[in-house]
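> Here it is: the structure, laid out below.
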Amino acid sequence: VAFGSNVLDIFEVNDIMSSKGWHLNALQRPNSIHICVTLQHVPVIEDFIKDLKESVNTGGEGRALVGGVERKRERNLPL
């Protein structure tokens with residue numbers, strides 16, 4: 001399953017999910033995050049959905065400060 005967004009910084013969502021113990025794969029073109037769902041995820045699916053909703057609600061707007069200059073966050077740009 002892959003998730004992307006044209007509205008928020010999907011990589012920030014990934015960072016927040018990582019801080020909650022979920023380890024998703026970051027993808028590019030288009031920017032997105034991916035999780036391979038298996039039978040082991042069934043008992044924790046409600047926790048995953050809750051954490052994903054929280055991460056989306058607290059995620060950034062796709063910008064990061066680099067050397068005092070605001071830039072759109074892209075994984076191929078060094079931050």
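The way I read the labels, and the way they are meant: chains A, B, ... in the order of the structure tokens, residue 1 as the first residue of every chain, and ligand 1 as the first ligand shown, with later ones counted on from there.
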For A:Ile16, list every protein, DNA or RNA residue within 10 Å, evaluated using only C-alpha atoms, and leave out those in the same chain fewer than 5 positions away; present the list as a CSV table (one decimal) with all heavy atoms, in the first residue's frame.


```
chain,number,residue,atom,x,y,z
A,10,ILE,N,4.7,14.5,2.5
A,10,ILE,CA,4.6,13.0,2.8
A,10,ILE,C,5.8,12.5,3.5
A,10,ILE,O,5.7,11.6,4.3
A,10,ILE,CB,4.2,12.2,1.5
A,10,ILE,CG1,3.6,10.9,1.9
A,10,ILE,CG2,5.5,12.1,0.6
A,10,ILE,CD1,2.3,10.9,2.6
A,11,PHE,N,7.0,13.1,3.3
A,11,PHE,CA,8.2,12.6,4.0
A,11,PHE,C,8.1,13.0,5.5
A,11,PHE,O,8.7,12.3,6.3
A,11,PHE,CB,9.4,13.1,3.3
A,11,PHE,CG,9.6,12.6,1.9
A,11,PHE,CD1,9.8,13.5,0.9
A,11,PHE,CD2,9.4,11.3,1.6
A,11,PHE,CE1,9.9,13.0,-0.4
A,11,PHE,CE2,9.6,10.8,0.3
A,11,PHE,CZ,9.8,11.7,-0.7
A,21,GLY,N,7.3,4.4,15.8
A,21,GLY,CA,7.7,3.0,15.7
A,21,GLY,C,7.3,2.2,14.4
A,21,GLY,O,7.6,1.1,14.2
A,22,TRP,N,6.7,3.0,13.5
A,22,TRP,CA,6.4,2.4,12.2
A,22,TRP,C,7.5,2.7,11.2
A,22,TRP,O,8.0,3.8,11.1
A,22,TRP,CB,5.1,3.0,11.6
A,22,TRP,CG,3.9,2.7,12.5
A,22,TRP,CD1,3.4,3.6,13.4
A,22,TRP,CD2,3.2,1.5,12.6
A,22,TRP,NE1,2.3,3.0,14.1
A,22,TRP,CE2,2.2,1.7,13.6
A,22,TRP,CE3,3.3,0.2,12.0
A,22,TRP,CZ2,1.3,0.7,14.0
A,22,TRP,CZ3,2.4,-0.7,12.4
A,22,TRP,CH2,1.4,-0.5,13.4
A,23,HIS,N,7.9,1.7,10.4
A,23,HIS,CA,9.0,1.9,9.5
A,23,HIS,C,8.6,1.7,8.1
A,23,HIS,O,8.5,0.5,7.6
A,23,HIS,CB,10.2,1.1,9.9
A,23,HIS,CG,10.7,1.4,11.3
A,23,HIS,ND1,11.3,2.6,11.6
A,23,HIS,CD2,10.6,0.7,12.4
A,23,HIS,CE1,11.5,2.6,12.9
A,23,HIS,NE2,11.1,1.5,13.4
A,51,ASP,N,-2.3,6.1,14.2
A,51,ASP,CA,-1.0,6.8,14.1
A,51,ASP,C,-0.8,7.5,12.8
A,51,ASP,O,-0.3,8.6,12.7
A,51,ASP,CB,0.2,5.8,14.3
A,51,ASP,CG,0.3,5.4,15.8
A,51,ASP,OD1,-0.3,6.0,16.7
A,51,ASP,OD2,1.1,4.4,16.0
A,52,LEU,N,-1.3,6.9,11.7
A,52,LEU,CA,-1.3,7.6,10.4
A,52,LEU,C,-2.1,8.8,10.4
A,52,LEU,O,-1.7,9.9,9.9
A,52,LEU,CB,-1.7,6.6,9.3
A,52,LEU,CG,-1.7,7.2,7.9
A,52,LEU,CD1,-0.2,7.6,7.5
A,52,LEU,CD2,-2.2,6.1,6.9
A,54,GLU,N,-2.9,10.7,13.0
A,54,GLU,CA,-2.2,11.7,13.8
A,54,GLU,C,-1.1,12.3,13.0
A,54,GLU,O,-0.8,13.5,13.1
A,54,GLU,CB,-1.8,11.1,15.1
A,54,GLU,CG,-2.9,10.8,16.1
A,54,GLU,CD,-2.4,10.0,17.3
A,54,GLU,OE1,-1.2,9.8,17.4
A,54,GLU,OE2,-3.2,9.6,18.1
A,55,SER,N,-0.3,11.5,12.3
A,55,SER,CA,0.8,11.9,11.6
A,55,SER,C,0.4,12.9,10.4
A,55,SER,O,1.1,13.9,10.2
A,55,SER,CB,1.6,10.7,11.0
A,55,SER,OG,2.1,9.9,12.0
A,56,VAL,N,-0.6,12.6,9.8
A,56,VAL,CA,-1.1,13.5,8.7
A,56,VAL,C,-1.6,14.8,9.3
A,56,VAL,O,-1.3,15.8,8.7
A,56,VAL,CB,-2.3,12.8,7.9
A,56,VAL,CG1,-3.0,13.7,7.0
A,56,VAL,CG2,-1.7,11.6,7.1
A,58,THR,N,-0.5,16.3,12.0
A,58,THR,CA,0.5,17.1,12.5
A,58,THR,C,1.7,17.3,11.5
A,58,THR,O,2.6,18.0,11.8
A,58,THR,CB,1.1,16.5,13.8
A,58,THR,OG1,1.6,15.2,13.5
A,58,THR,CG2,0.1,16.4,14.9
A,59,GLY,N,1.6,16.7,10.3
A,59,GLY,CA,2.6,16.8,9.3
A,59,GLY,C,2.7,18.3,8.8
A,59,GLY,O,1.8,19.1,8.8
```

> With a distance cut-off of 12 Å and only C-alpha atoms, select the neighbouring residues of A:Thr38, excluding the residue or stretch itself and same-chain residues fewer than 6 positions from it, and output the selection as a list of chain:residue names.

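Everything that qualifies: A:Val1, A:Val44, A:Ile45.
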
> Give me, please, the distance in Å between atom CA of A:Leu39 and atom CA of A:Asp9, quoted to one decimal.

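Spanning atom CA of A:Leu39 to atom CA of A:Asp9 is a straight-line distance of 28.9 Å.
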
> With a distance cut-off of 10 Å and only C-alpha atoms, select the neighbouring residues of A:Cys36, excluding the residue or stretch itself and same-chain residues fewer than 2 positions from it, and output the selection as a PyMOL selection string.

chain A and resi 1-2+24-25+34+38+41

> Restricting it to C-alpha atoms, dump the selection as an mmCIF file, in the first residue's frame.


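Result written to selection_12.cif:
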```
data_model
loop_
_atom_site.group_PDB
_atom_site.id
_atom_site.type_symbol
_atom_site.label_atom_id
_atom_site.label_comp_id
_atom_site.auth_asym_id
_atom_site.auth_seq_id
_atom_site.Cartn_x
_atom_site.Cartn_y
_atom_site.Cartn_z
ATOM 1 C CA VAL A 1 0.000 0.000 0.000
ATOM 2 C CA ALA A 2 1.399 3.414 -0.949
ATOM 3 C CA LEU A 24 7.687 2.733 6.034
ATOM 4 C CA ASN A 25 9.593 3.010 2.756
ATOM 5 C CA HIS A 34 4.886 2.517 1.147
ATOM 6 C CA THR A 38 1.106 -8.825 5.753
ATOM 7 C CA HIS A 41 -0.220 -6.339 10.553
#
```

> Given the choices A:Lys50, A:Phe3, A:Lys20, A:Asn57, which gets closest to A:Ser32 if the distance is worked out from only C-alpha atoms?

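Checking each of A:Lys50, A:Phe3, A:Lys20, A:Asn57 against A:Ser32, counting only C-alpha atoms, the winner is A:Phe3.
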